[in-house]
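Below: entry-v2.txt (compact mmCIF, C-alpha atoms)
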```txt
# COMPACT_ATOMS: atom_id res chain seq x y z
CA MET A 118 0.00 0.00 0.00
CA ALA A 119 1.31 3.39 -0.95
CA SER A 120 1.65 5.82 1.89
CA LYS A 121 1.77 9.61 1.68
CA THR A 122 4.02 9.95 4.70
CA GLU A 123 6.38 7.40 6.17
CA VAL A 124 5.64 7.08 9.89
CA LEU A 125 6.79 4.34 12.21
CA HIS A 126 4.14 4.63 14.90
CA PRO A 127 0.40 5.29 14.94
CA ASN A 128 -0.51 8.95 15.22
CA GLN A 129 -3.53 9.64 17.42
CA SER A 130 -3.58 13.35 16.56
CA PHE A 131 -6.45 14.04 14.15
CA PRO A 132 -6.81 17.55 12.72
CA ASP A 133 -10.49 18.49 12.34
CA GLY A 134 -9.97 19.09 8.61
CA GLU A 135 -8.45 15.68 7.85
CA LYS A 136 -10.45 13.48 5.47
CA LEU A 137 -11.39 9.93 6.38
CA PHE A 138 -12.09 7.59 3.45
CA ARG A 139 -14.74 4.88 3.68
CA ARG A 140 -15.17 2.14 1.08
CA VAL A 141 -18.87 1.76 0.23
CA HIS A 142 -20.65 -0.94 -1.75
CA SER A 143 -22.68 0.33 -4.70
CA LYS A 144 -25.94 -0.86 -3.09
CA ASN A 145 -25.31 1.71 -0.33
CA LEU A 146 -24.81 4.63 -2.72
CA LYS A 147 -27.61 6.83 -4.04
CA PRO A 148 -27.73 7.64 -7.79
CA ASN A 149 -25.94 10.94 -7.09
CA GLY A 150 -23.07 9.07 -5.40
CA LYS A 151 -23.97 10.14 -1.85
CA PRO A 152 -23.93 7.29 0.66
CA THR A 153 -26.99 6.01 2.47
CA LEU A 154 -26.86 5.60 6.23
CA PHE A 155 -26.30 1.87 5.66
CA ALA A 156 -22.78 2.65 4.41
CA PHE A 157 -21.75 3.37 8.00
CA GLU A 158 -21.72 1.07 10.98
CA LEU A 159 -20.71 1.56 14.55
CA PRO A 160 -18.87 0.62 16.67
CA ASP A 161 -15.33 0.26 15.29
CA MET A 162 -16.14 1.66 11.83
CA SER A 163 -13.17 1.12 9.54
CA VAL A 164 -11.83 4.07 7.50
CA ASN A 165 -8.50 5.22 6.01
CA ARG A 166 -6.75 8.45 6.97
CA ASP A 167 -6.06 10.93 4.20
CA GLN A 168 -2.78 11.83 5.91
CA PHE A 169 -1.38 8.38 5.09
CA SER A 170 -3.32 7.19 2.03
CA SER A 171 -5.64 8.04 -0.83
CA ALA A 172 -9.20 7.19 -1.80
CA GLU A 173 -7.78 4.64 -4.25
CA ASP A 174 -6.02 2.91 -1.34
CA ALA A 175 -9.36 2.54 0.46
CA ARG A 176 -10.75 0.61 -2.51
CA ARG A 177 -7.60 -1.41 -3.28
CA GLY A 178 -8.32 -5.13 -3.57
CA PHE A 179 -12.04 -4.62 -4.22
CA SER A 180 -13.85 -4.49 -7.54
CA PRO A 181 -14.14 -0.86 -8.75
CA SER A 182 -17.40 -1.80 -10.49
CA ASP A 183 -18.96 -2.75 -7.14
CA TRP A 184 -17.31 -0.34 -4.74
CA GLY A 185 -17.01 3.42 -4.36
CA VAL A 186 -15.28 5.60 -1.79
CA VAL A 187 -16.75 8.48 0.18
CA ALA A 188 -14.99 10.92 2.48
CA PHE A 189 -15.98 12.83 5.56
CA LEU A 190 -13.91 15.11 7.76
CA VAL A 191 -12.82 14.30 11.30
CA ARG A 192 -14.95 17.25 12.42
CA ASP A 193 -17.97 15.48 10.81
CA ILE A 194 -17.80 12.67 13.35
CA PRO A 195 -20.69 13.38 15.72
CA PRO A 196 -19.37 15.50 18.58
CA ARG A 197 -16.41 13.71 20.06
CA GLU A 198 -16.57 15.34 23.48
CA ALA A 199 -19.99 14.02 24.43
CA TRP A 200 -23.36 13.56 22.77
CA THR A 201 -26.28 13.07 25.09
CA HIS A 202 -28.97 10.70 23.89
CA VAL A 203 -31.96 10.24 26.15
CA ALA A 204 -30.22 9.70 29.49
CA GLN A 205 -26.98 8.30 28.04
CA LEU A 206 -23.71 10.15 27.43
CA TYR A 207 -21.75 8.98 24.35
CA SER A 208 -18.50 10.06 22.72
CA LEU A 209 -17.11 9.07 19.33
CA LEU A 210 -13.49 9.39 18.34
CA PRO A 211 -11.14 8.22 15.62
CA ARG A 212 -8.29 5.89 16.53
CA HIS A 213 -5.34 5.29 14.20
CA ILE A 214 -5.02 1.48 14.25
CA PRO A 215 -2.66 0.34 11.46
CA VAL A 216 -3.12 -3.20 10.18
CA SER A 217 -0.80 -5.31 8.07
CA GLY A 218 -0.60 -3.76 4.60
CA ASN A 219 -2.61 -0.68 5.58
CA PHE A 220 -0.85 1.85 7.80
CA ALA A 221 -3.70 4.35 7.24
CA HIS A 222 -6.33 2.07 8.82
CA THR A 223 -8.37 3.93 11.41
CA GLU A 224 -11.48 3.10 13.41
CA VAL A 225 -14.24 5.39 14.61
CA ARG A 226 -14.96 4.09 18.08
CA VAL A 227 -17.86 4.71 20.44
CA ARG A 228 -17.75 5.12 24.19
CA ARG A 229 -20.56 5.49 26.68
CA VAL A 230 -20.62 6.55 30.30
CA VAL A 231 -21.91 3.70 32.47
CA ASN A 232 -22.15 4.38 36.20
CA THR A 233 -19.64 7.26 35.86
CA ILE A 234 -17.15 5.05 33.98
CA LEU A 235 -16.35 5.57 30.28
CA VAL A 236 -16.81 2.19 28.54
CA LEU A 237 -15.66 1.33 25.01
CA ILE A 238 -18.48 -0.25 23.02
CA THR A 239 -17.10 -3.09 20.88
CA HIS A 240 -17.62 -6.70 19.82
CA ARG A 241 -13.95 -7.42 20.52
CA GLY A 242 -12.45 -9.07 23.56
CA HIS A 243 -9.26 -8.06 25.35
CA THR A 244 -7.08 -10.33 23.20
CA ASP A 245 -8.38 -8.73 19.99
CA PHE A 246 -6.51 -5.48 20.72
CA SER A 247 -2.81 -5.13 19.93
CA ASP A 248 -0.39 -3.89 22.58
CA GLY A 249 -0.06 -0.55 20.76
CA ASP A 250 -3.80 0.06 20.62
CA PRO A 251 -4.66 3.04 22.86
CA ASP A 252 -7.84 1.26 23.97
CA SER A 253 -6.27 -2.11 24.76
CA GLY A 254 -6.63 -1.71 28.52
CA VAL A 255 -9.92 0.16 28.80
CA ARG A 256 -13.20 -1.21 30.04
CA ARG A 257 -15.45 -2.46 27.26
CA GLY A 258 -18.96 -3.70 26.73
CA LEU A 259 -21.02 -5.24 23.95
CA PRO A 260 -23.03 -3.10 21.52
CA ASP A 261 -26.22 -5.08 22.12
CA ALA A 262 -26.17 -3.98 25.74
CA LEU A 263 -24.71 -0.46 25.44
CA LEU A 264 -25.40 1.02 21.98
CA ASP A 265 -28.91 2.41 21.77
CA PRO A 266 -30.34 1.58 18.29
CA ASP A 267 -31.83 5.06 17.86
CA PHE A 268 -28.52 6.70 18.75
CA HIS A 269 -26.74 4.35 16.31
CA MET A 270 -29.09 5.42 13.49
CA ARG A 271 -28.66 9.12 14.33
CA CYS A 272 -24.88 8.80 14.12
CA ARG A 273 -25.03 6.94 10.83
CA GLU A 274 -27.38 9.56 9.35
CA TYR A 275 -25.16 12.39 10.59
CA ILE A 276 -22.04 10.93 8.97
CA ALA A 277 -23.91 10.04 5.75
CA MET A 278 -25.17 13.61 5.37
CA SER A 279 -21.64 14.95 5.89
CA SER A 280 -19.98 12.53 3.45
CA LYS A 281 -19.06 13.34 -0.11
CA PRO A 282 -18.44 10.89 -2.96
CA VAL A 283 -14.78 10.65 -3.97
CA LEU A 284 -14.68 7.55 -6.21
CA LEU A 285 -17.83 6.18 -7.79
CA PRO A 286 -18.18 2.55 -8.86
CA SER A 287 -17.05 2.31 -12.47
```
Translate the structure described by the file into structure tokens.
Amino acid sequence: MASKTEVLHPNQSFPDGEKLFRRVHSKNLKPNGKPTLFAFELPDMSVNRDQFSSAEDARRGFSPSDWGVVAFLVRDIPPREAWTHVAQLYSLLPRHIPVSGNFAHTEVRVRRVVNTILVLITHRGHTDFSDGDPDSGVRRGLPDALLDPDFHMRCREYIAMSSKPVLLPS
């Protein structure tokens, strides 16, 4: 994978204006190329950072006739400090989590305050996080128990409305 900048370690600093690229199947794109809310899924939504890759990198290895790429800005992630939904307090934030062959790999993660403790919402267990992952030692809980379905839909709609098509299926 081509990289715009050679960096040895993950960089958890995300400028608000940085683009995040998301590969989207054609069935989740409207005729005008805008994504539907079904193009986005939380928790642990996978994207690529513009700082370290391109839109083409996000689609690499997938059929261009079936897949497009959209982009949204870090500032378009629903408020990262805290977003109150009903009586729950959530925060969403990007985490630079390189994987083999894709240094730009990033995840948009969701946290929720539970009994005054910030809990990472994820399907993964403790052993599924690498030693370098900034969330490897935090408390976590399952989405079925902690991620309100209405909140999940609101977040997906928010990101979909903010996203712009970059590469359309060809």
Could you build a table of the residues in range 147-169 of chain A lying no more than 10 Å from range 236-255 of chain A, giving for each the nearest pair of atoms and their separation in Å rounded to one decimal place, using only C-alpha atoms, ordered by chain and ascending residue number, as CSV?
```
residue,atom,partner,partner_atom,distance
A:Leu159,CA,A:Thr239,CA,8.6
A:Pro160,CA,A:Thr239,CA,5.9
A:Asp161,CA,A:Thr239,CA,6.8
```
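Using only C-alpha atoms, the contacts of Pro132 in chain A at a cut-off of 10 Å, with sequence neighbours closer than 3 positions omitted, comprise Gln129, Glu135, Lys136, Gln168, Leu190, Val191 and Arg192 of chain A.
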For Ser180 in chain A, the closest of A:Ala262, A:Val141, A:Ala277, A:Leu235 counting only C-alpha atoms is A:Val141
Polymer residues at most 9 Å from Arg166 in chain A, all atoms listed in the file, same-chain spacing of 3 or more positions, as a PyMOL selection string: chain A and resi 135-138+169-171+213+220-223
Counting all atoms listed in the file, closest pick from A:Phe157, A:Leu206, A:Pro260, A:Ser217 relative to Ala188 in chain A is A:Phe157
Of the listed residues A:Pro127, A:Met270, A:Val230, A:Ile276, that which approaches Gly258 in chain A most closely, counting all atoms listed in the file: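 Once distances to Gly258 in chain A are computed over all atoms listed in the file, the minimum belongs to A:Val230.
Considering all atoms listed in the file, the residue among A:Gly150, A:Phe179, A:Pro215, A:Tyr207 positioned nearest to Val231 in chain A is A:Tyr207.
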I'd like the interatomic distance between CA of Arg140 in chain A and CA of Arg257 in chain A, to a tenth of an Å. 26.6 Å
At a cut-off of 9 Å, using only C-alpha atoms, what residues contact Lys151 in chain A? Leave out same-chain residues fewer than 4 positions from it and give the result as a PyMOL selection string. chain A and resi 145-147+187+277-278+280-282
I'd like the contact shell of Pro148 in chain A - 12 Å cut-off, all atoms listed in the file, skipping same-chain residues fewer than 4 positions apart - returned as an mmCIF file with C-alpha atoms, in the frame of the given file.
```cif
data_model
loop_
_atom_site.group_PDB
_atom_site.id
_atom_site.type_symbol
_atom_site.label_atom_id
_atom_site.label_comp_id
_atom_site.auth_asym_id
_atom_site.auth_seq_id
_atom_site.Cartn_x
_atom_site.Cartn_y
_atom_site.Cartn_z
ATOM 1 C CA SER A 143 -22.680 0.330 -4.700
ATOM 2 C CA LYS A 144 -25.940 -0.860 -3.090
ATOM 3 C CA PRO A 152 -23.930 7.290 0.660
ATOM 4 C CA THR A 153 -26.990 6.010 2.470
ATOM 5 C CA PRO A 282 -18.440 10.890 -2.960
ATOM 6 C CA LEU A 285 -17.830 6.180 -7.790
ATOM 7 C CA PRO A 286 -18.180 2.550 -8.860
#
```
For Gln205 in chain A, which of A:Asp133, A:Glu274, A:Asp193, A:Asp265 is the closest residue, counting all atoms listed in the file? A:Asp265
Would you please work out which residue, of A:Asp267, A:Glu158, A:Asp261, A:Asp167, is nearest to Phe131 in chain A when using only C-alpha atoms?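 Selected residue with least distance to Phe131 in chain A: A:Asp167.
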Can you rebuild range 218-229 of chain A with all heavy atoms and give it as a tab-separated table (two decimals), in the frame of the given file?
```
chain	number	residue	atom	x	y	z
A	218	GLY	N	-0.33	-4.20	5.97
A	218	GLY	CA	-0.60	-3.76	4.60
A	218	GLY	C	-1.40	-2.48	4.49
A	218	GLY	O	-1.65	-2.01	3.39
A	219	ASN	N	-1.82	-1.91	5.62
A	219	ASN	CA	-2.61	-0.68	5.58
A	219	ASN	C	-2.30	0.18	6.80
A	219	ASN	O	-3.02	0.14	7.81
A	219	ASN	CB	-4.10	-0.98	5.48
A	219	ASN	CG	-4.93	0.27	5.30
A	219	ASN	OD1	-4.42	1.38	5.25
A	219	ASN	ND2	-6.23	0.09	5.21
A	220	PHE	N	-1.24	0.98	6.69
A	220	PHE	CA	-0.85	1.85	7.80
A	220	PHE	C	-1.92	2.90	8.09
A	220	PHE	O	-2.07	3.36	9.21
A	220	PHE	CB	0.50	2.52	7.52
A	220	PHE	CG	0.98	3.34	8.68
A	220	PHE	CD1	1.55	2.73	9.79
A	220	PHE	CD2	0.86	4.72	8.67
A	220	PHE	CE1	1.97	3.48	10.88
A	220	PHE	CE2	1.27	5.48	9.75
A	220	PHE	CZ	1.84	4.86	10.86
A	221	ALA	N	-2.70	3.29	7.09
A	221	ALA	CA	-3.70	4.35	7.24
A	221	ALA	C	-4.97	3.89	7.96
A	221	ALA	O	-5.82	4.72	8.30
A	221	ALA	CB	-4.07	4.90	5.87
A	222	HIS	N	-5.11	2.59	8.21
A	222	HIS	CA	-6.33	2.07	8.82
A	222	HIS	C	-6.64	2.77	10.14
A	222	HIS	O	-5.79	2.92	11.02
A	222	HIS	CB	-6.23	0.56	9.06
A	222	HIS	CG	-7.47	0.00	9.65
A	222	HIS	ND1	-7.58	-0.27	11.00
A	222	HIS	CD2	-8.65	-0.33	9.09
A	222	HIS	CE1	-8.79	-0.75	11.24
A	222	HIS	NE2	-9.46	-0.79	10.10
A	223	THR	N	-7.89	3.20	10.25
A	223	THR	CA	-8.37	3.93	11.41
A	223	THR	C	-9.76	3.42	11.74
A	223	THR	O	-10.47	2.94	10.86
A	223	THR	CB	-8.41	5.44	11.08
A	223	THR	OG1	-7.07	5.87	10.83
A	223	THR	CG2	-9.02	6.27	12.19
A	224	GLU	N	-10.14	3.49	13.00
A	224	GLU	CA	-11.48	3.10	13.41
A	224	GLU	C	-12.15	4.25	14.14
A	224	GLU	O	-11.51	4.94	14.93
A	224	GLU	CB	-11.43	1.88	14.33
A	224	GLU	CG	-10.94	0.64	13.63
A	224	GLU	CD	-10.83	-0.57	14.54
A	224	GLU	OE1	-11.09	-0.43	15.77
A	224	GLU	OE2	-10.50	-1.64	14.03
A	225	VAL	N	-13.43	4.45	13.85
A	225	VAL	CA	-14.24	5.39	14.61
A	225	VAL	C	-14.88	4.57	15.72
A	225	VAL	O	-15.65	3.65	15.45
A	225	VAL	CB	-15.30	6.09	13.73
A	225	VAL	CG1	-16.17	7.01	14.59
A	225	VAL	CG2	-14.63	6.86	12.60
A	226	ARG	N	-14.50	4.88	16.93
A	226	ARG	CA	-14.96	4.09	18.08
A	226	ARG	C	-15.97	4.88	18.91
A	226	ARG	O	-16.00	6.10	18.89
A	226	ARG	CB	-13.76	3.69	18.94
A	226	ARG	CG	-12.86	2.71	18.17
A	226	ARG	CD	-11.75	2.19	19.01
A	226	ARG	NE	-11.00	1.18	18.27
A	226	ARG	CZ	-9.84	0.69	18.68
A	226	ARG	NH1	-9.31	1.10	19.83
A	226	ARG	NH2	-9.22	-0.22	17.96
A	227	VAL	N	-16.79	4.13	19.64
A	227	VAL	CA	-17.86	4.71	20.44
A	227	VAL	C	-17.63	4.34	21.90
A	227	VAL	O	-17.32	3.19	22.22
A	227	VAL	CB	-19.24	4.18	20.00
A	227	VAL	CG1	-20.36	4.81	20.82
A	227	VAL	CG2	-19.46	4.41	18.52
A	228	ARG	N	-17.82	5.34	22.74
A	228	ARG	CA	-17.75	5.12	24.19
A	228	ARG	C	-19.04	5.63	24.81
A	228	ARG	O	-19.69	6.52	24.27
A	228	ARG	CB	-16.58	5.86	24.81
A	228	ARG	CG	-15.24	5.34	24.35
A	228	ARG	CD	-14.14	6.21	24.92
A	228	ARG	NE	-12.86	5.82	24.43
A	228	ARG	CZ	-11.85	5.44	25.21
A	228	ARG	NH1	-11.99	5.43	26.50
A	228	ARG	NH2	-10.71	5.09	24.69
A	229	ARG	N	-19.37	5.06	25.95
A	229	ARG	CA	-20.56	5.49	26.68
A	229	ARG	C	-20.24	5.51	28.16
A	229	ARG	O	-19.53	4.63	28.67
A	229	ARG	CB	-21.71	4.52	26.41
A	229	ARG	CG	-22.98	4.86	27.17
A	229	ARG	CD	-24.09	3.91	26.83
A	229	ARG	NE	-24.95	3.77	27.99
A	229	ARG	CZ	-25.88	2.86	28.10
A	229	ARG	NH1	-26.08	1.97	27.15
A	229	ARG	NH2	-26.63	2.80	29.17
```
